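Enquirer: Provided below: model.json, containing JSON, C-alpha atoms.
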```json
[["chain", "number", "residue", "atom", "x", "y", "z"],
["F", 1, "MET", "CA", 13.77, -4.34, -5.89],
["F", 2, "ARG", "CA", 16.90, -3.92, -8.03],
["F", 3, "VAL", "CA", 17.01, -0.65, -9.95],
["F", 4, "VAL", "CA", 19.19, 0.79, -12.70],
["F", 5, "PHE", "CA", 19.09, 4.55, -13.26],
["F", 6, "ILE", "CA", 19.43, 5.78, -16.81],
["F", 7, "GLY", "CA", 20.49, 9.37, -16.19],
["F", 8, "ALA", "CA", 22.38, 11.14, -13.43],
["F", 9, "GLY", "CA", 20.94, 14.66, -13.34],
["F", 10, "ASN", "CA", 18.79, 16.53, -10.83],
["F", 11, "LEU", "CA", 15.80, 14.18, -10.73],
["F", 12, "ALA", "CA", 17.87, 11.00, -11.00],
["F", 13, "THR", "CA", 20.05, 12.11, -8.09],
["F", 14, "ARG", "CA", 17.25, 12.94, -5.68],
["F", 15, "LEU", "CA", 15.05, 9.98, -6.69],
["F", 16, "SER", "CA", 17.82, 7.38, -6.59],
["F", 17, "LEU", "CA", 18.99, 8.52, -3.16],
["F", 18, "ALA", "CA", 15.41, 8.42, -1.84],
["F", 19, "MET", "CA", 14.88, 4.93, -3.25],
["F", 20, "SER", "CA", 18.16, 3.74, -1.76],
["F", 21, "ARG", "CA", 17.15, 5.07, 1.66],
["F", 22, "ALA", "CA", 13.81, 3.29, 1.27],
["F", 23, "GLY", "CA", 15.63, -0.04, 0.95],
["F", 24, "MET", "CA", 15.75, -0.51, -2.80],
["F", 25, "GLU", "CA", 19.02, -1.70, -4.32],
["F", 26, "ILE", "CA", 20.45, 0.65, -6.92],
["F", 27, "LEU", "CA", 22.54, -1.67, -9.06],
["F", 28, "GLN", "CA", 24.00, 0.81, -11.50],
["F", 29, "VAL", "CA", 23.93, 4.35, -12.86],
["F", 30, "TYR", "CA", 24.26, 5.13, -16.56],
["F", 31, "SER", "CA", 24.96, 8.57, -18.01],
["F", 32, "ARG", "CA", 26.52, 9.69, -21.27],
["F", 33, "THR", "CA", 28.55, 12.06, -19.08],
["F", 34, "ALA", "CA", 30.99, 9.83, -17.24],
["F", 35, "ALA", "CA", 31.72, 12.36, -14.49],
["F", 36, "ARG", "CA", 28.04, 12.61, -13.59],
["F", 37, "ALA", "CA", 27.54, 8.85, -13.58],
["F", 38, "GLU", "CA", 30.61, 8.37, -11.39],
["F", 39, "ALA", "CA", 29.57, 11.12, -8.95],
["F", 40, "LEU", "CA", 26.07, 9.72, -8.41],
["F", 41, "ALA", "CA", 27.29, 6.13, -8.21],
["F", 42, "GLY", "CA", 29.74, 7.25, -5.53],
["F", 43, "LYS", "CA", 26.86, 8.58, -3.42],
["F", 44, "LEU", "CA", 24.88, 5.38, -3.93],
["F", 45, "GLY", "CA", 27.75, 2.93, -3.51],
["F", 46, "CYS", "CA", 27.09, 1.22, -6.84],
["F", 47, "VAL", "CA", 28.80, 0.78, -10.20],
["F", 48, "TRP", "CA", 28.43, 3.16, -13.13],
["F", 49, "THR", "CA", 28.86, 3.22, -16.87],
["F", 50, "ASP", "CA", 28.76, 5.67, -19.76],
["F", 51, "ALA", "CA", 28.18, 2.92, -22.33],
["F", 52, "LEU", "CA", 24.65, 1.72, -23.09],
["F", 53, "ASP", "CA", 25.84, -1.73, -24.07],
["F", 54, "ALA", "CA", 27.32, -2.09, -20.58],
["F", 55, "VAL", "CA", 24.03, -1.46, -18.75],
["F", 56, "SER", "CA", 23.25, -4.39, -16.46],
["F", 57, "PRO", "CA", 20.51, -6.73, -17.76],
["F", 58, "ASP", "CA", 19.70, -7.99, -14.25],
["F", 59, "ALA", "CA", 17.55, -5.20, -12.75],
["F", 60, "ASP", "CA", 13.84, -5.38, -11.96],
["F", 61, "LEU", "CA", 13.30, -1.72, -12.86],
["F", 62, "TYR", "CA", 15.04, 0.64, -15.27],
["F", 63, "LEU", "CA", 14.22, 4.28, -14.57],
["F", 64, "PHE", "CA", 14.90, 6.67, -17.45],
["F", 65, "ALA", "CA", 15.45, 10.13, -15.94],
["F", 66, "LEU", "CA", 16.56, 12.01, -19.05],
["F", 67, "LYS", "CA", 15.89, 15.13, -21.07],
["F", 68, "ASP", "CA", 13.02, 14.64, -23.50],
["F", 69, "THR", "CA", 15.38, 15.17, -26.44],
["F", 70, "ALA", "CA", 17.60, 12.27, -25.33],
["F", 71, "LEU", "CA", 14.92, 9.80, -24.25],
["F", 72, "ARG", "CA", 14.02, 8.25, -27.62],
["F", 73, "GLU", "CA", 17.65, 7.90, -28.66],
["F", 74, "VAL", "CA", 18.68, 6.20, -25.42],
["F", 75, "ILE", "CA", 15.68, 3.85, -25.46],
["F", 76, "ALA", "CA", 16.57, 2.85, -29.02],
["F", 77, "GLY", "CA", 20.15, 2.13, -27.95],
["F", 78, "MET", "CA", 19.25, -0.04, -24.95],
["F", 79, "ARG", "CA", 19.60, -3.79, -25.22],
["F", 80, "PRO", "CA", 16.30, -5.62, -24.51],
["F", 81, "ASN", "CA", 15.97, -7.30, -21.11],
["F", 82, "GLY", "CA", 13.24, -8.66, -18.86],
["F", 83, "GLY", "CA", 12.97, -5.65, -16.57],
["F", 84, "LEU", "CA", 10.29, -2.98, -16.39],
["F", 85, "TRP", "CA", 11.35, 0.22, -18.18],
["F", 86, "ALA", "CA", 9.80, 3.47, -16.95],
["F", 87, "HIS", "CA", 10.47, 7.11, -17.67],
["F", 88, "THR", "CA", 9.97, 10.07, -15.33],
["F", 89, "ALA", "CA", 9.05, 12.76, -17.87],
["F", 90, "GLY", "CA", 5.94, 14.90, -17.72],
["F", 91, "SER", "CA", 5.62, 15.61, -21.44],
["F", 92, "MET", "CA", 6.64, 12.30, -23.04],
["F", 93, "PRO", "CA", 3.97, 9.67, -23.80],
["F", 94, "LEU", "CA", 3.91, 6.11, -22.55],
["F", 95, "SER", "CA", 4.18, 5.00, -26.18],
["F", 96, "VAL", "CA", 7.80, 6.18, -26.42],
["F", 97, "PHE", "CA", 8.74, 2.65, -25.28],
["F", 98, "ALA", "CA", 6.54, 0.79, -27.77],
["F", 99, "GLY", "CA", 8.54, -1.64, -29.87],
["F", 100, "ALA", "CA", 11.64, -1.39, -27.69],
["F", 101, "THR", "CA", 10.48, -3.51, -24.75],
["F", 102, "GLU", "CA", 7.42, -5.48, -23.65],
["F", 103, "ARG", "CA", 7.17, -4.09, -20.11],
["F", 104, "TYR", "CA", 7.07, -0.33, -19.70],
["F", 105, "GLY", "CA", 5.52, 2.55, -17.82],
["F", 106, "VAL", "CA", 5.73, 6.09, -16.48],
["F", 107, "MET", "CA", 6.51, 7.21, -12.93],
["F", 108, "TYR", "CA", 6.30, 11.02, -12.95],
["F", 109, "PRO", "CA", 6.98, 12.90, -9.70],
["F", 110, "LEU", "CA", 5.46, 16.39, -9.79],
["F", 111, "GLN", "CA", 8.23, 18.46, -8.22],
["F", 112, "THR", "CA", 11.23, 20.61, -9.06],
["F", 113, "PHE", "CA", 14.55, 18.92, -8.29],
["F", 114, "SER", "CA", 18.10, 20.14, -7.76],
["F", 115, "VAL", "CA", 21.13, 17.93, -7.11],
["F", 116, "GLU", "CA", 22.15, 19.86, -4.02],
["F", 117, "ARG", "CA", 18.71, 20.21, -2.37],
["F", 118, "GLU", "CA", 16.82, 17.58, -0.35],
["F", 119, "VAL", "CA", 13.07, 17.22, -0.89],
["F", 120, "ASP", "CA", 10.35, 15.48, 1.12],
["F", 121, "PHE", "CA", 9.18, 12.70, -1.18],
["F", 122, "LYS", "CA", 6.27, 11.84, 1.14],
["F", 123, "ARG", "CA", 4.57, 15.05, -0.01],
["F", 124, "ILE", "CA", 5.33, 14.70, -3.73],
["F", 125, "PRO", "CA", 2.50, 13.38, -5.91],
["F", 126, "PHE", "CA", 3.52, 10.59, -8.28],
["F", 127, "PHE", "CA", 1.56, 9.99, -11.50],
["F", 128, "LEU", "CA", 1.65, 6.52, -13.01],
["F", 129, "GLU", "CA", 0.85, 4.86, -16.31],
["F", 130, "ALA", "CA", 1.87, 1.44, -17.61],
["F", 131, "SER", "CA", 1.56, -1.05, -20.43],
["F", 132, "SER", "CA", -0.47, -3.43, -18.25],
["F", 133, "ALA", "CA", -2.23, -3.60, -14.89],
["F", 134, "ARG", "CA", 0.59, -5.76, -13.56],
["F", 135, "GLU", "CA", 3.24, -3.20, -14.44],
["F", 136, "GLU", "CA", 1.16, -0.36, -12.99],
["F", 137, "ALA", "CA", 0.81, -2.30, -9.74],
["F", 138, "LEU", "CA", 4.59, -2.67, -9.56],
["F", 139, "LEU", "CA", 5.13, 1.05, -10.14],
["F", 140, "LYS", "CA", 2.47, 1.81, -7.54],
["F", 141, "LYS", "CA", 4.36, -0.32, -5.03],
["F", 142, "VAL", "CA", 7.63, 1.51, -5.78],
["F", 143, "ALA", "CA", 6.11, 4.99, -5.72],
["F", 144, "GLY", "CA", 4.04, 4.17, -2.62],
["F", 145, "THR", "CA", 7.23, 3.34, -0.74],
["F", 146, "LEU", "CA", 8.34, 6.93, -1.33],
["F", 147, "SER", "CA", 5.15, 9.01, -1.38],
["F", 148, "ASP", "CA", 1.76, 9.22, 0.30],
["F", 149, "ASP", "CA", 0.20, 10.53, -2.92],
["F", 150, "VAL", "CA", 0.24, 8.12, -5.88],
["F", 151, "ARG", "CA", -2.26, 8.43, -8.74],
["F", 152, "PRO", "CA", -2.86, 6.92, -12.18],
["F", 153, "LEU", "CA", -2.87, 9.42, -15.07],
["F", 154, "SER", "CA", -2.96, 8.99, -18.83],
["F", 155, "SER", "CA", -0.34, 10.43, -21.19],
["F", 156, "GLU", "CA", -2.98, 12.79, -22.60],
["F", 157, "LYS", "CA", -3.79, 14.29, -19.20],
["F", 158, "ARG", "CA", -0.17, 14.23, -18.02],
["F", 159, "LYS", "CA", 0.94, 16.59, -20.79],
["F", 160, "TYR", "CA", -1.52, 19.19, -19.45],
["F", 161, "LEU", "CA", -0.28, 18.56, -15.92],
["F", 162, "HIS", "CA", 3.26, 19.25, -17.12],
["F", 163, "LEU", "CA", 2.11, 22.43, -18.87],
["F", 164, "ALA", "CA", 0.48, 23.64, -15.65],
["F", 165, "ALA", "CA", 3.67, 22.79, -13.73],
["F", 166, "VAL", "CA", 5.73, 24.96, -16.09],
["F", 167, "PHE", "CA", 3.48, 27.93, -15.32],
["F", 168, "ALA", "CA", 3.44, 27.22, -11.57],
["F", 169, "CYS", "CA", 7.15, 26.53, -11.18],
["F", 170, "ASN", "CA", 9.45, 27.45, -14.07],
["F", 171, "PHE", "CA", 7.74, 30.67, -15.09],
["F", 172, "THR", "CA", 7.30, 31.69, -11.47],
["F", 173, "ASN", "CA", 10.99, 31.11, -10.76],
["F", 174, "HIS", "CA", 11.86, 33.21, -13.82],
["F", 175, "MET", "CA", 9.87, 36.06, -12.26],
["F", 176, "TYR", "CA", 11.98, 35.67, -9.12],
["F", 177, "ALA", "CA", 15.10, 35.97, -11.27],
["F", 178, "LEU", "CA", 13.84, 39.14, -12.97],
["F", 179, "ALA", "CA", 12.84, 40.65, -9.62],
["F", 180, "GLU", "CA", 16.25, 39.85, -8.14],
["F", 181, "ARG", "CA", 17.98, 41.45, -11.13],
["F", 182, "ILE", "CA", 15.92, 44.65, -10.72],
["F", 183, "LEU", "CA", 17.00, 44.86, -7.08],
["F", 184, "ARG", "CA", 20.62, 43.92, -7.75],
["F", 185, "GLU", "CA", 20.98, 46.73, -10.29],
["F", 186, "ARG", "CA", 19.96, 49.18, -7.56],
["F", 187, "GLY", "CA", 22.10, 47.66, -4.82],
["F", 188, "ILE", "CA", 19.18, 46.13, -2.92],
["F", 189, "PRO", "CA", 19.69, 42.58, -1.56],
["F", 190, "GLY", "CA", 17.42, 40.00, -3.13],
["F", 191, "GLU", "CA", 16.65, 38.30, 0.16],
["F", 192, "VAL", "CA", 14.29, 41.13, 1.13],
["F", 193, "LEU", "CA", 11.79, 39.46, -1.25],
["F", 194, "LEU", "CA", 11.83, 36.10, 0.56],
["F", 195, "PRO", "CA", 9.05, 36.83, 3.11],
["F", 196, "LEU", "CA", 6.86, 38.09, 0.25],
["F", 197, "ILE", "CA", 7.61, 35.01, -1.84],
["F", 198, "ASP", "CA", 6.89, 32.71, 1.11],
["F", 199, "GLU", "CA", 3.56, 34.37, 1.92],
["F", 200, "THR", "CA", 2.48, 34.36, -1.73],
["F", 201, "ALA", "CA", 3.06, 30.60, -1.90],
["F", 202, "ALA", "CA", 1.48, 29.98, 1.51],
["F", 203, "LYS", "CA", -1.74, 31.81, 0.65],
["F", 204, "VAL", "CA", -2.73, 29.44, -2.13],
["F", 205, "HIS", "CA", -2.93, 26.63, 0.44],
["F", 206, "GLU", "CA", -5.98, 28.45, 1.84],
["F", 207, "LEU", "CA", -7.25, 30.63, -1.03],
["F", 208, "SER", "CA", -7.62, 29.93, -4.72],
["F", 209, "PRO", "CA", -4.93, 31.70, -6.79],
["F", 210, "GLU", "CA", -7.61, 33.93, -8.30],
["F", 211, "ARG", "CA", -8.80, 35.08, -4.86],
["F", 212, "ALA", "CA", -5.24, 35.50, -3.60],
["F", 213, "GLN", "CA", -4.27, 37.84, -6.45],
["F", 214, "THR", "CA", -3.34, 41.39, -5.37],
["F", 215, "GLY", "CA", -1.40, 44.30, -6.87],
["F", 216, "PRO", "CA", -1.98, 47.02, -9.48],
["F", 217, "ALA", "CA", -2.76, 44.62, -12.34],
["F", 218, "VAL", "CA", -5.82, 43.04, -10.71],
["F", 219, "ARG", "CA", -7.53, 46.46, -10.59],
["F", 220, "TYR", "CA", -5.68, 47.62, -13.72],
["F", 221, "ASP", "CA", -4.28, 50.72, -12.02],
["F", 222, "ARG", "CA", -2.70, 52.47, -15.03],
["F", 223, "ASN", "CA", -1.10, 55.12, -12.81],
["F", 224, "VAL", "CA", 1.09, 52.51, -11.08],
["F", 225, "ILE", "CA", 1.50, 50.31, -14.15],
["F", 226, "ASP", "CA", 2.77, 53.19, -16.29],
["F", 227, "LYS", "CA", 5.24, 54.22, -13.57],
["F", 228, "HIS", "CA", 6.61, 50.68, -13.47],
["F", 229, "LEU", "CA", 6.86, 50.49, -17.24],
["F", 230, "ALA", "CA", 8.88, 53.71, -17.27],
["F", 231, "LEU", "CA", 11.44, 52.11, -14.91],
["F", 232, "LEU", "CA", 12.03, 49.06, -17.11],
["F", 233, "ARG", "CA", 14.87, 49.52, -19.58],
["F", 234, "ASP", "CA", 14.68, 46.10, -21.23],
["F", 235, "PRO", "CA", 11.93, 46.23, -23.89],
["F", 236, "ASP", "CA", 11.28, 42.49, -23.60],
["F", 237, "VAL", "CA", 10.72, 42.74, -19.84],
["F", 238, "ARG", "CA", 8.59, 45.85, -20.34],
["F", 239, "ASP", "CA", 6.43, 43.96, -22.83],
["F", 240, "LEU", "CA", 6.24, 41.01, -20.43],
["F", 241, "TYR", "CA", 5.06, 43.29, -17.61],
["F", 242, "GLU", "CA", 2.39, 44.84, -19.84],
["F", 243, "ARG", "CA", 1.11, 41.52, -21.17],
["F", 244, "ILE", "CA", 0.99, 39.81, -17.78],
["F", 245, "SER", "CA", -0.77, 42.80, -16.21],
["F", 246, "ALA", "CA", -3.43, 42.72, -18.91],
["F", 247, "ASN", "CA", -3.83, 38.95, -18.55],
["F", 248, "ILE", "CA", -4.23, 39.20, -14.76],
["F", 249, "TYR", "CA", -6.95, 41.81, -15.20],
["F", 250, "ASN", "CA", -8.72, 39.86, -17.94],
["F", 251, "LEU", "CA", -8.69, 36.64, -15.92],
["F", 252, "LYS", "CA", -10.09, 38.44, -12.88],
["F", 253, "SER", "CA", -12.83, 39.95, -15.04],
["F", 254, "GLU", "CA", -13.90, 36.48, -16.20],
["F", 255, "ILE", "CA", -14.46, 35.18, -12.66]]
```
So that I can check it, write out the structure of this file as structure tokens.
Expert:
Amino acid sequence: MRVVFIGAGNLATRLSLAMSRAGMEILQVYSRTAARAEALAGKLGCVWTDALDAVSPDADLYLFALKDTALREVIAGMRPNGGLWAHTAGSMPLSVFAGATERYGVMYPLQTFSVEREVDFKRIPFFLEASSAREEALLKKVAGTLSDDVRPLSSEKRKYLHLAAVFACNFTNHMYALAERILRERGIPGEVLLPLIDETAAKVHELSPERAQTGPAVRYDRNVIDKHLALLRDPDVRDLYERISANIYNLKSEI
């Protein structure tokens, strides 16, 4: 399996290295940022380019690991070839490739990625979609080499999966950042929150998130809530606290 990576960011880095370790040949890395393309190619031992017209036409698979805003433009600038083109985005439809190439698909790994952090791909679910059964079978073979959890999923359902992932990951991490800032402003080290964060995440492996919910919001304890609101100087964060507390209570009331 010969692979060209279109993109050299967080996901492209971790996925390309995992595929290389699994025995796939990474032929080339493309990025509009030459330094990024060169850095990733150096880790993979392959060539790189920052010019779309210099992308190799000889790969079996072209993986587009790009920001949504760049994906359409880069696809439009790619020269046609006989390889399978697939993107890794949660919120972009399969149809983004229509008219640009005959063979195309989606290989979406549901995980948060950082260049500097290793992840266990065996535990990452991959969601696939393709222009034909043959192309889906090829993507299933590639993803199955990396992960024990590979599933088909339509573009329509995948956009809701991506929405749920934003709540579960990005918004949650933003709460960590706000919590750390509150502590930092009072000279308290942020790492004291780590056991709490770990246990909160661990609980939902055994309990539903609704059952695992604790704290003043779930019982709508205005005495505690009002004390917390009085401590928050940023009006946006104060409003966020109030709205989330009300939403927690309302969701619990519906169950």
Enquirer: To one decimal place in Å, what is the distance between atom CA of Ser95 of chain F and atom CA of Met107 of chain F?
Expert: 13.6 Å
Enquirer: Could you give me, as a tab-separated table, a per-residue list for segment 59-108 of chain F showing, wherever an atom lies at most 6 Å from an atom of segment 124-140 of chain F, the closest pair of atoms and their distance in Å to one decimal, using only C-alpha atoms and sorting by chain then residue number from low to high?
Expert:
```
residue	atom	partner	partner_atom	distance
F:Tyr104	CA	F:Ser131	CA	5.6
F:Gly105	CA	F:Ala130	CA	3.8
F:Val106	CA	F:Glu129	CA	5.0
F:Met107	CA	F:Leu128	CA	4.9
F:Tyr108	CA	F:Phe127	CA	5.1
```
Enquirer: Name the closest residue to Gly42 of chain F among the candidates F:Leu17, F:Thr112, F:Gly23, F:Ala70; distances are taken between atoms, counting all atoms listed in the file.
Expert: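 That would be F:Leu17, the residue with the smallest distance to Gly42 of chain F.
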Enquirer: Atom CA of Met24 of chain F and atom CA of Gly99 of chain F, how far apart in Å?
Expert: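 Atom CA of Met24 of chain F lies 28.0 Å from atom CA of Gly99 of chain F.
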Enquirer: Find the distance between atom CA of Val47 of chain F and atom CA of Arg72 of chain F and write it in Å to one decimal.
Expert: 24.0 Å
Enquirer: Which is closest to Asn250 of chain F among F:Arg219, F:Arg151, F:Lys159, F:Arg211, if we use all atoms listed in the file?
Expert: F:Arg219
Enquirer: Counting only C-alpha atoms, what is within 12 Å of Ile248 of chain F, bar same-chain residues fewer than 6 positions away, as a compact mmCIF listing (two decimals) with C-alpha atoms, keeping the file's coordinate frame?
Expert:
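Produced file selection_30.txt, reproduced below:
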```
# COMPACT_ATOMS: atom_id res chain seq x y z
CA PRO F 209 -4.93 31.70 -6.79
CA GLU F 210 -7.61 33.93 -8.30
CA ARG F 211 -8.80 35.08 -4.86
CA ALA F 212 -5.24 35.50 -3.60
CA GLN F 213 -4.27 37.84 -6.45
CA THR F 214 -3.34 41.39 -5.37
CA GLY F 215 -1.40 44.30 -6.87
CA PRO F 216 -1.98 47.02 -9.48
CA ALA F 217 -2.76 44.62 -12.34
CA VAL F 218 -5.82 43.04 -10.71
CA ARG F 219 -7.53 46.46 -10.59
CA TYR F 220 -5.68 47.62 -13.72
CA ASP F 221 -4.28 50.72 -12.02
CA TYR F 241 5.06 43.29 -17.61
CA GLU F 242 2.39 44.84 -19.84
CA GLU F 254 -13.90 36.48 -16.20
CA ILE F 255 -14.46 35.18 -12.66
```
Enquirer: As a ChimeraX atom specification, please: the residues near Met92 of chain F (cut-off 10 Å, all atoms listed in the file, same-chain neighbours under 4 positions excluded).
Expert: /F:67-69,71-72,87-88,96,106,155-156,158-159,162
Enquirer: Per residue of segment 76-156 of chain F within 7 Å of segment 2-13 of chain F, which atom pair is closest and at what distance in Å (one decimal), using only C-alpha atoms, listed by chain and increasing number, as a Markdown table?
Expert:
```
| residue | atom | partner | partner_atom | distance |
| --- | --- | --- | --- | --- |
| F:Phe113 | CA | F:Leu11 | CA | 5.5 |
| F:Ser114 | CA | F:Asn10 | CA | 4.8 |
| F:Val115 | CA | F:Asn10 | CA | 4.6 |
```
Enquirer: Between F:Val166, F:Ala100, F:Val29, F:Leu44, which has the minimum distance to Ala65 of chain F (counting all atoms listed in the file)?
Expert: F:Val29
Enquirer: Which one of F:Ile225, F:Leu84, F:Leu110, F:Leu27 sits closest to Leu161 of chain F if you count all atoms listed in the file?
Expert: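 Once distances to Leu161 of chain F are computed over all atoms listed in the file, the minimum belongs to F:Leu110.
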Enquirer: Could you put an axis-aligned box around every listed atom of segment 164-174 of chain F, padded by 3 Å on each side, and send me its centre and edge lengths in Å to one decimal, as AutoDock Vina command-line options?
Expert:
```
--center_x 6.2 --center_y 28.0 --center_z -13.4 --size_x 17.4 --size_y 16.4 --size_z 11.3
```
